[in-house]
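Chemist: PDB, N, CA and C atoms, file coords25.pdb:
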```
ATOM      1  N   MET U 276     102.999  65.824  93.801
ATOM      2  CA  MET U 276     102.472  66.880  94.641
ATOM      3  C   MET U 276     102.957  66.707  96.070
ATOM      4  N   LYS U 277     102.957  65.441  96.536
ATOM      5  CA  LYS U 277     103.368  65.194  97.913
ATOM      6  C   LYS U 277     104.863  65.446  98.088
ATOM      7  N   THR U 278     105.657  65.123  97.069
ATOM      8  CA  THR U 278     107.102  65.332  97.184
ATOM      9  C   THR U 278     107.448  66.816  97.205
ATOM     10  N   THR U 279     106.701  67.640  96.470
ATOM     11  CA  THR U 279     107.004  69.073  96.485
ATOM     12  C   THR U 279     106.666  69.686  97.837
ATOM     13  N   ARG U 280     105.582  69.212  98.453
ATOM     14  CA  ARG U 280     105.252  69.716  99.789
ATOM     15  C   ARG U 280     106.281  69.257 100.810
ATOM     16  N   THR U 281     106.717  68.010 100.682
ATOM     17  CA  THR U 281     107.735  67.497 101.598
ATOM     18  C   THR U 281     109.039  68.266 101.424
ATOM     19  N   THR U 282     109.405  68.521 100.170
ATOM     20  CA  THR U 282     110.624  69.278  99.899
ATOM     21  C   THR U 282     110.513  70.695 100.459
ATOM     22  N   ALA U 283     109.372  71.331 100.259
ATOM     23  CA  ALA U 283     109.177  72.686 100.783
ATOM     24  C   ALA U 283     109.223  72.692 102.301
ATOM     25  N   CYS U 284     108.656  71.677 102.923
ATOM     26  CA  CYS U 284     108.673  71.583 104.387
ATOM     27  C   CYS U 284     110.100  71.383 104.898
ATOM     28  N   LEU U 285     110.870  70.543 104.202
ATOM     29  CA  LEU U 285     112.263  70.319 104.606
ATOM     30  C   LEU U 285     113.101  71.587 104.433
ATOM     31  N   LYS U 286     112.885  72.309 103.336
ATOM     32  CA  LYS U 286     113.627  73.557 103.119
ATOM     33  C   LYS U 286     113.291  74.582 104.199
ATOM     34  N   THR U 287     112.019  74.694 104.523
ATOM     35  CA  THR U 287     111.604  75.640 105.557
ATOM     36  C   THR U 287     112.200  75.269 106.904
ATOM     37  N   THR U 288     112.183  73.991 107.228
ATOM     38  CA  THR U 288     112.761  73.530 108.487
ATOM     39  C   THR U 288     114.262  73.795 108.524
ATOM     40  N   ALA U 289     114.940  73.555 107.409
ATOM     41  CA  ALA U 289     116.385  73.810 107.345
ATOM     42  C   ALA U 289     116.683  75.291 107.549
ATOM     43  N   TRP U 290     115.881  76.169 106.946
ATOM     44  CA  TRP U 290     116.086  77.607 107.118
ATOM     45  C   TRP U 290     115.857  78.034 108.563
ATOM     46  N   ILE U 291     114.844  77.492 109.187
ATOM     47  CA  ILE U 291     114.560  77.852 110.581
ATOM     48  C   ILE U 291     115.696  77.401 111.486
ATOM     49  N   ILE U 292     116.211  76.199 111.258
ATOM     50  CA  ILE U 292     117.331  75.701 112.069
ATOM     51  C   ILE U 292     118.576  76.545 111.827
ATOM     52  N   ALA U 293     118.838  76.891 110.557
ATOM     53  CA  ALA U 293     120.014  77.708 110.241
ATOM     54  C   ALA U 293     119.909  79.084 110.888
ATOM     55  N   LEU U 294     118.740  79.684 110.829
ATOM     56  CA  LEU U 294     118.568  80.998 111.451
ATOM     57  C   LEU U 294     118.683  80.927 112.968
ATOM     58  N   ALA U 295     118.206  79.840 113.549
ATOM     59  CA  ALA U 295     118.305  79.690 115.005
ATOM     60  C   ALA U 295     119.754  79.507 115.436
ATOM     61  N   LEU U 296     120.547  78.811 114.627
ATOM     62  CA  LEU U 296     121.945  78.576 114.986
ATOM     63  C   LEU U 296     122.828  79.789 114.708
ATOM     64  N   LEU U 297     122.470  80.581 113.717
ATOM     65  CA  LEU U 297     123.312  81.708 113.321
ATOM     66  C   LEU U 297     122.859  83.043 113.904
ATOM     67  N   ASN U 298     121.862  83.014 114.762
ATOM     68  CA  ASN U 298     121.359  84.291 115.266
ATOM     69  C   ASN U 298     122.348  84.927 116.230
ATOM     70  N   THR U 299     122.269  86.218 116.311
ATOM     71  CA  THR U 299     123.074  86.966 117.274
ATOM     72  C   THR U 299     122.123  87.783 118.131
ATOM     73  N   ASP U 300     122.558  88.088 119.306
ATOM     74  CA  ASP U 300     121.716  88.874 120.197
ATOM     75  C   ASP U 300     121.636  90.310 119.697
ATOM     76  N   ALA U 301     120.464  90.850 119.701
ATOM     77  CA  ALA U 301     120.248  92.240 119.313
ATOM     78  C   ALA U 301     119.711  92.983 120.525
ATOM     79  N   TRP U 302     120.450  93.962 120.968
ATOM     80  CA  TRP U 302     120.038  94.740 122.128
ATOM     81  C   TRP U 302     119.237  95.934 121.659
ATOM     82  N   ALA U 303     118.210  96.229 122.394
ATOM     83  CA  ALA U 303     117.379  97.379 122.053
ATOM     84  C   ALA U 303     118.163  98.661 122.303
ATOM     85  N   GLN U 304     117.923  99.626 121.445
ATOM     86  CA  GLN U 304     118.593 100.910 121.591
ATOM     87  C   GLN U 304     117.586 101.948 122.049
ATOM     88  N   SER U 305     118.096 102.935 122.729
ATOM     89  CA  SER U 305     117.208 104.013 123.143
ATOM     90  C   SER U 305     116.894 104.886 121.932
ATOM     91  N   GLU U 306     115.790 105.569 121.999
ATOM     92  CA  GLU U 306     115.376 106.426 120.906
ATOM     93  C   GLU U 306     116.332 107.610 120.804
ATOM     94  N   PRO U 307     116.808 107.910 119.595
ATOM     95  CA  PRO U 307     117.725 109.045 119.480
ATOM     96  C   PRO U 307     116.999 110.346 119.787
ATOM     97  N   GLY U 308     117.613 111.168 120.562
ATOM     98  CA  GLY U 308     117.005 112.435 120.940
ATOM     99  C   GLY U 308     117.179 113.477 119.859
ATOM    100  N   LEU U 309     116.415 114.537 119.963
ATOM    101  CA  LEU U 309     116.569 115.640 119.035
ATOM    102  C   LEU U 309     117.885 116.345 119.324
ATOM    103  N   THR U 310     118.521 116.835 118.305
ATOM    104  CA  THR U 310     119.815 117.483 118.479
ATOM    105  C   THR U 310     119.674 118.987 118.681
ATOM    106  N   LEU U 311     118.486 119.431 118.998
ATOM    107  CA  LEU U 311     118.280 120.857 119.210
ATOM    108  C   LEU U 311     118.692 121.244 120.625
ATOM    109  N   PRO U 312     119.243 122.433 120.796
ATOM    110  CA  PRO U 312     119.577 122.884 122.151
ATOM    111  C   PRO U 312     118.298 123.183 122.926
ATOM    112  N   PRO U 313     118.359 123.177 124.235
ATOM    113  CA  PRO U 313     117.152 123.480 125.010
ATOM    114  C   PRO U 313     116.713 124.919 124.756
ATOM    115  N   PRO U 314     115.400 125.140 124.668
ATOM    116  CA  PRO U 314     114.916 126.489 124.364
ATOM    117  C   PRO U 314     115.128 127.436 125.540
ATOM    118  N   ALA U 315     115.344 128.705 125.216
ATOM    119  CA  ALA U 315     115.534 129.718 126.252
ATOM    120  C   ALA U 315     114.203 130.203 126.804
ATOM    121  N   SER U 316     113.153 130.113 125.991
ATOM    122  CA  SER U 316     111.834 130.538 126.459
ATOM    123  C   SER U 316     110.780 129.579 125.915
ATOM    124  N   VAL U 317     109.557 129.752 126.395
ATOM    125  CA  VAL U 317     108.458 128.884 125.967
ATOM    126  C   VAL U 317     108.146 129.083 124.491
ATOM    127  N   GLU U 318     108.317 130.291 123.984
ATOM    128  CA  GLU U 318     108.012 130.576 122.586
ATOM    129  C   GLU U 318     108.957 129.858 121.628
ATOM    130  N   GLU U 319     110.129 129.481 122.092
ATOM    131  CA  GLU U 319     111.110 128.832 121.226
ATOM    132  C   GLU U 319     110.944 127.315 121.155
ATOM    133  N   ILE U 320     109.989 126.762 121.863
ATOM    134  CA  ILE U 320     109.801 125.313 121.862
ATOM    135  C   ILE U 320     109.354 124.862 120.470
ATOM    136  N   VAL U 321     110.033 123.838 119.955
ATOM    137  CA  VAL U 321     109.724 123.294 118.639
ATOM    138  C   VAL U 321     109.286 121.850 118.819
ATOM    139  N   THR U 322     108.112 121.529 118.323
ATOM    140  CA  THR U 322     107.616 120.156 118.414
ATOM    141  C   THR U 322     107.987 119.406 117.139
ATOM    142  N   PRO U 323     107.975 118.068 117.165
ATOM    143  CA  PRO U 323     108.269 117.314 115.943
ATOM    144  C   PRO U 323     107.329 117.647 114.789
ATOM    145  N   LEU U 324     106.086 118.010 115.094
ATOM    146  CA  LEU U 324     105.165 118.395 114.030
ATOM    147  C   LEU U 324     105.642 119.670 113.350
ATOM    148  N   GLU U 325     106.134 120.619 114.124
ATOM    149  CA  GLU U 325     106.633 121.865 113.545
ATOM    150  C   GLU U 325     107.915 121.635 112.753
ATOM    151  N   LEU U 326     108.694 120.632 113.135
ATOM    152  CA  LEU U 326     109.925 120.350 112.403
ATOM    153  C   LEU U 326     109.648 119.930 110.968
ATOM    154  N   SER U 327     108.506 119.313 110.713
ATOM    155  CA  SER U 327     108.204 118.867 109.355
ATOM    156  C   SER U 327     107.883 120.032 108.430
ATOM    157  N   PHE U 328     107.558 121.204 108.981
ATOM    158  CA  PHE U 328     107.229 122.351 108.157
ATOM    159  C   PHE U 328     108.385 123.335 108.010
ATOM    160  N   THR U 329     109.507 123.070 108.618
ATOM    161  CA  THR U 329     110.649 123.961 108.453
ATOM    162  C   THR U 329     111.285 123.702 107.096
ATOM    163  N   PRO U 330     111.760 124.733 106.427
ATOM    164  CA  PRO U 330     112.368 124.518 105.109
ATOM    165  C   PRO U 330     113.653 123.700 105.228
ATOM    166  N   LYS U 331     113.811 122.795 104.296
ATOM    167  CA  LYS U 331     114.998 121.953 104.290
ATOM    168  C   LYS U 331     116.137 122.692 103.596
ATOM    169  N   PRO U 332     117.356 122.480 104.027
ATOM    170  CA  PRO U 332     118.476 123.152 103.364
ATOM    171  C   PRO U 332     118.676 122.601 101.953
ATOM    172  N   ASP U 333     119.201 123.446 101.082
ATOM    173  CA  ASP U 333     119.478 123.006  99.719
ATOM    174  C   ASP U 333     120.549 121.928  99.714
ATOM    175  N   TRP U 334     120.409 120.994  98.783
ATOM    176  CA  TRP U 334     121.414 119.945  98.644
ATOM    177  C   TRP U 334     122.693 120.561  98.090
ATOM    178  N   PRO U 335     123.828 120.069  98.512
ATOM    179  CA  PRO U 335     125.074 120.596  97.952
ATOM    180  C   PRO U 335     125.210 120.187  96.486
ATOM    181  N   ARG U 336     125.906 120.986  95.743
ATOM    182  CA  ARG U 336     126.116 120.668  94.333
ATOM    183  C   ARG U 336     126.955 119.405  94.208
ATOM    184  N   VAL U 337     126.816 118.752  93.066
ATOM    185  CA  VAL U 337     127.522 117.490  92.855
ATOM    186  C   VAL U 337     129.026 117.718  92.918
ATOM    187  N   THR U 338     129.497 118.681  92.227
ATOM    188  CA  THR U 338     130.928 119.000  92.281
ATOM    189  C   THR U 338     131.105 120.512  92.244
ATOM    190  N   GLU U 339     132.174 120.938  92.793
ATOM    191  CA  GLU U 339     132.483 122.368  92.750
ATOM    192  C   GLU U 339     132.876 122.787  91.337
ATOM    193  N   ARG U 340     133.361 121.849  90.543
ATOM    194  CA  ARG U 340     133.751 122.155  89.170
ATOM    195  C   ARG U 340     132.546 122.633  88.366
ATOM    196  N   LEU U 341     131.385 121.996  88.580
ATOM    197  CA  LEU U 341     130.177 122.433  87.884
ATOM    198  C   LEU U 341     129.766 123.832  88.321
ATOM    199  N   LYS U 342     129.938 124.115  89.589
ATOM    200  CA  LYS U 342     129.575 125.438  90.098
ATOM    201  C   LYS U 342     130.444 126.505  89.441
ATOM    202  N   ASP U 343     131.736 126.236  89.342
ATOM    203  CA  ASP U 343     132.642 127.201  88.719
ATOM    204  C   ASP U 343     132.370 127.343  87.225
ATOM    205  N   ALA U 344     131.990 126.253  86.570
ATOM    206  CA  ALA U 344     131.735 126.308  85.132
ATOM    207  C   ALA U 344     130.473 127.101  84.815
ATOM    208  N   HIS U 345     129.523 127.142  85.727
ATOM    209  CA  HIS U 345     128.260 127.836  85.474
ATOM    210  C   HIS U 345     128.219 129.249  86.052
ATOM    211  N   GLU U 346     129.334 129.749  86.544
ATOM    212  CA  GLU U 346     129.345 131.113  87.094
ATOM    213  C   GLU U 346     129.026 132.158  86.037
ATOM    214  N   ASP U 347     129.525 131.959  84.817
ATOM    215  CA  ASP U 347     129.329 132.941  83.752
ATOM    216  C   ASP U 347     128.060 132.690  82.944
ATOM    217  N   ALA U 348     127.307 131.668  83.262
ATOM    218  CA  ALA U 348     126.082 131.356  82.519
ATOM    219  C   ALA U 348     124.992 132.364  82.862
ATOM    220  N   PRO U 349     124.005 132.497  81.983
ATOM    221  CA  PRO U 349     122.893 133.399  82.302
ATOM    222  C   PRO U 349     122.148 132.917  83.549
ATOM    223  N   PRO U 350     121.505 133.824  84.269
ATOM    224  CA  PRO U 350     120.820 133.428  85.510
ATOM    225  C   PRO U 350     119.769 132.339  85.299
ATOM    226  N   PHE U 351     119.145 132.308  84.119
ATOM    227  CA  PHE U 351     118.143 131.275  83.852
ATOM    228  C   PHE U 351     118.757 129.882  83.959
ATOM    229  N   LEU U 352     119.941 129.692  83.414
ATOM    230  CA  LEU U 352     120.600 128.385  83.478
ATOM    231  C   LEU U 352     121.321 128.178  84.805
ATOM    232  N   ARG U 353     121.938 129.229  85.314
ATOM    233  CA  ARG U 353     122.725 129.106  86.534
ATOM    234  C   ARG U 353     121.855 128.777  87.746
ATOM    235  N   ASP U 354     120.660 129.350  87.831
ATOM    236  CA  ASP U 354     119.807 129.162  88.997
ATOM    237  C   ASP U 354     118.783 128.045  88.836
ATOM    238  N   SER U 355     118.764 127.403  87.689
ATOM    239  CA  SER U 355     117.763 126.348  87.486
ATOM    240  C   SER U 355     118.172 125.073  88.220
ATOM    241  N   ARG U 356     117.167 124.258  88.522
ATOM    242  CA  ARG U 356     117.376 123.000  89.244
ATOM    243  C   ARG U 356     116.817 121.862  88.417
ATOM    244  N   LEU U 357     117.387 120.701  88.596
ATOM    245  CA  LEU U 357     116.887 119.495  87.956
ATOM    246  C   LEU U 357     116.841 118.405  89.019
ATOM    247  N   ASN U 358     115.644 117.986  89.390
ATOM    248  CA  ASN U 358     115.467 116.936  90.395
ATOM    249  C   ASN U 358     114.922 115.695  89.718
ATOM    250  N   LEU U 359     115.532 114.564  89.982
ATOM    251  CA  LEU U 359     115.095 113.289  89.434
ATOM    252  C   LEU U 359     114.519 112.455  90.565
ATOM    253  N   HIS U 360     113.259 112.080  90.450
ATOM    254  CA  HIS U 360     112.586 111.253  91.449
ATOM    255  C   HIS U 360     112.377 109.868  90.845
ATOM    256  N   VAL U 361     112.910 108.850  91.493
ATOM    257  CA  VAL U 361     112.803 107.482  91.004
ATOM    258  C   VAL U 361     112.033 106.665  92.029
ATOM    259  N   ARG U 362     111.160 105.792  91.547
ATOM    260  CA  ARG U 362     110.444 104.911  92.465
ATOM    261  C   ARG U 362     110.161 103.588  91.764
ATOM    262  N   SER U 363     109.935 102.567  92.567
ATOM    263  CA  SER U 363     109.587 101.258  92.024
ATOM    264  C   SER U 363     108.571 100.600  92.943
ATOM    265  N   ALA U 364     107.858  99.623  92.394
ATOM    266  CA  ALA U 364     106.848  98.904  93.166
ATOM    267  C   ALA U 364     106.888  97.433  92.779
ATOM    268  N   TYR U 365     106.655  96.578  93.754
ATOM    269  CA  TYR U 365     106.645  95.134  93.530
ATOM    270  C   TYR U 365     105.333  94.576  94.052
ATOM    271  N   PHE U 366     104.719  93.698  93.280
ATOM    272  CA  PHE U 366     103.444  93.084  93.654
ATOM    273  C   PHE U 366     103.563  91.579  93.493
ATOM    274  N   PHE U 367     103.123  90.840  94.510
ATOM    275  CA  PHE U 367     103.114  89.380  94.446
ATOM    276  C   PHE U 367     101.856  88.879  95.128
ATOM    277  N   GLU U 368     101.140  88.012  94.437
ATOM    278  CA  GLU U 368      99.919  87.440  94.993
ATOM    279  C   GLU U 368      99.839  85.980  94.588
ATOM    280  N   GLU U 369      99.540  85.137  95.543
ATOM    281  CA  GLU U 369      99.407  83.709  95.273
ATOM    282  C   GLU U 369      97.952  83.322  95.513
ATOM    283  N   GLU U 370      97.320  82.783  94.484
ATOM    284  CA  GLU U 370      95.909  82.418  94.561
ATOM    285  C   GLU U 370      95.750  81.026  95.169
ATOM    286  N   PHE U 371      94.505  80.677  95.503
ATOM    287  CA  PHE U 371      94.218  79.367  96.082
ATOM    288  C   PHE U 371      94.409  78.232  95.073
ATOM    289  N   ASP U 372      94.267  78.540  93.785
ATOM    290  CA  ASP U 372      94.465  77.502  92.774
ATOM    291  C   ASP U 372      95.935  77.375  92.373
ATOM    292  N   GLU U 373      96.825  77.857  93.211
ATOM    293  CA  GLU U 373      98.283  77.801  93.058
ATOM    294  C   GLU U 373      98.799  78.600  91.865
ATOM    295  N   SER U 374      97.997  79.520  91.342
ATOM    296  CA  SER U 374      98.500  80.425  90.319
ATOM    297  C   SER U 374      99.118  81.635  91.020
ATOM    298  N   LYS U 375     100.083  82.222  90.380
ATOM    299  CA  LYS U 375     100.793  83.346  90.991
ATOM    300  C   LYS U 375     100.694  84.570  90.094
ATOM    301  N   LYS U 376     100.503  85.710  90.712
ATOM    302  CA  LYS U 376     100.517  86.990  90.011
ATOM    303  C   LYS U 376     101.698  87.774  90.563
ATOM    304  N   GLU U 377     102.564  88.182  89.671
ATOM    305  CA  GLU U 377     103.767  88.879  90.097
ATOM    306  C   GLU U 377     104.042  90.011  89.117
ATOM    307  N   ALA U 378     104.371  91.178  89.635
ATOM    308  CA  ALA U 378     104.656  92.327  88.783
ATOM    309  C   ALA U 378     105.665  93.233  89.472
ATOM    310  N   TRP U 379     106.516  93.836  88.667
ATOM    311  CA  TRP U 379     107.467  94.824  89.163
ATOM    312  C   TRP U 379     107.455  95.976  88.178
ATOM    313  N   THR U 380     107.391  97.172  88.693
ATOM    314  CA  THR U 380     107.377  98.339  87.828
ATOM    315  C   THR U 380     108.327  99.398  88.387
ATOM    316  N   ALA U 381     108.868 100.165  87.499
ATOM    317  CA  ALA U 381     109.769 101.248  87.897
ATOM    318  C   ALA U 381     109.376 102.489  87.112
ATOM    319  N   GLY U 382     109.560 103.613  87.710
ATOM    320  CA  GLY U 382     109.220 104.855  87.034
ATOM    321  C   GLY U 382     109.693 106.034  87.850
ATOM    322  N   GLY U 383     109.192 107.171  87.510
ATOM    323  CA  GLY U 383     109.568 108.368  88.230
ATOM    324  C   GLY U 383     109.231 109.599  87.416
ATOM    325  N   TRP U 384     109.797 110.708  87.815
ATOM    326  CA  TRP U 384     109.544 111.947  87.116
ATOM    327  C   TRP U 384     110.720 112.894  87.325
ATOM    328  N   VAL U 385     110.789 113.851  86.444
ATOM    329  CA  VAL U 385     111.819 114.887  86.518
ATOM    330  C   VAL U 385     111.112 116.196  86.802
ATOM    331  N   GLU U 386     111.649 116.953  87.759
ATOM    332  CA  GLU U 386     111.034 118.249  88.059
ATOM    333  C   GLU U 386     112.089 119.315  88.058
TER     334      GLU U 386
END
```
Can the structure from this file be put into structure tokens for me?

Modeler:
Amino acid sequence: MKTTRTTACLKTTAWIIALALLNTDAWAQSEPGLTLPPPASVEEIVTPLELSFTPKPDWPRVTERLKDAHEDAPPFLRDSRLNLHVRSAYFFEEEFDESKKEAWTAGGWVE
């Protein structure tokens, strides 16, 4: 038990020394501004909250070849969309009795 703690302490110390020796300076950057032109009147002012409610542009098609191949298809197939949403989650918990709970899951949905 004592050797594993000593080994873990040595590994942690080695990592801290390595990170201290290999670090590079990181300069803070200014916040990127909005790319909108200045409004001509007060009514045209757009706040970041309003930007979240503006409709997003459609994603471009994967290839133009698919677009050309579906030109003659019926409107039901030509205008339909298929969106794949993928997500994953990781869980790790270490108890006081040195037991570990670890789980990873992946899933998603098609719309």

Chemist: Going by DSSP on the backbone, which bits of chain U are strand (DSSP E)? Write them as a list in words, please.

Modeler: Leu359, His360, Val361, Arg362, Ser363, Ala364, Tyr365, Phe366, Phe367, Glu368, Glu369, Lys375, Lys376, Glu377, Ala378, Trp379, Thr380, Ala381, Gly382, Gly383, Trp384 and Val385 of chain U

Chemist: In Å to one decimal, how far is CA of Thr279 (chain U) from CA of Ser374 (chain U)?

Modeler: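 Here the two named atoms are 15.5 Å from each other.
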
Chemist: Can you measure atom N of Asp372 (chain U) to atom N of Arg280 (chain U) for me? One decimal in Å is fine.

Modeler: 15.4 Å

Chemist: Determine, counting all atoms listed in the file, which protein, DNA and RNA residues have an atom within 6.5 Å of an atom of Thr380 (chain U); residues of the same chain fewer than 5 positions away are not included. Present the result as a VMD selection string.

Modeler: chain U and resid 362 to 366

Chemist: Which is closest to Ala381 (chain U) among U:Arg340, U:Phe367, U:Phe351, U:Val361, if we use only N, CA and C atoms?

Modeler: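 Smallest separation from Ala381 (chain U) among the options: U:Val361.
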
Chemist: Could you state which residues are captured by the PyMOL selection byres ((chain U and resi 360) around 6) in this file, as a list of chain:residue names?

Modeler: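 When the PyMOL selection byres ((chain U and resi 360) around 6) is applied to the shown file, the picked residues are U:Asn358, U:Leu359, U:Val361, U:Arg362, U:Gly382, U:Gly383, U:Trp384, U:Val385, U:Glu386.
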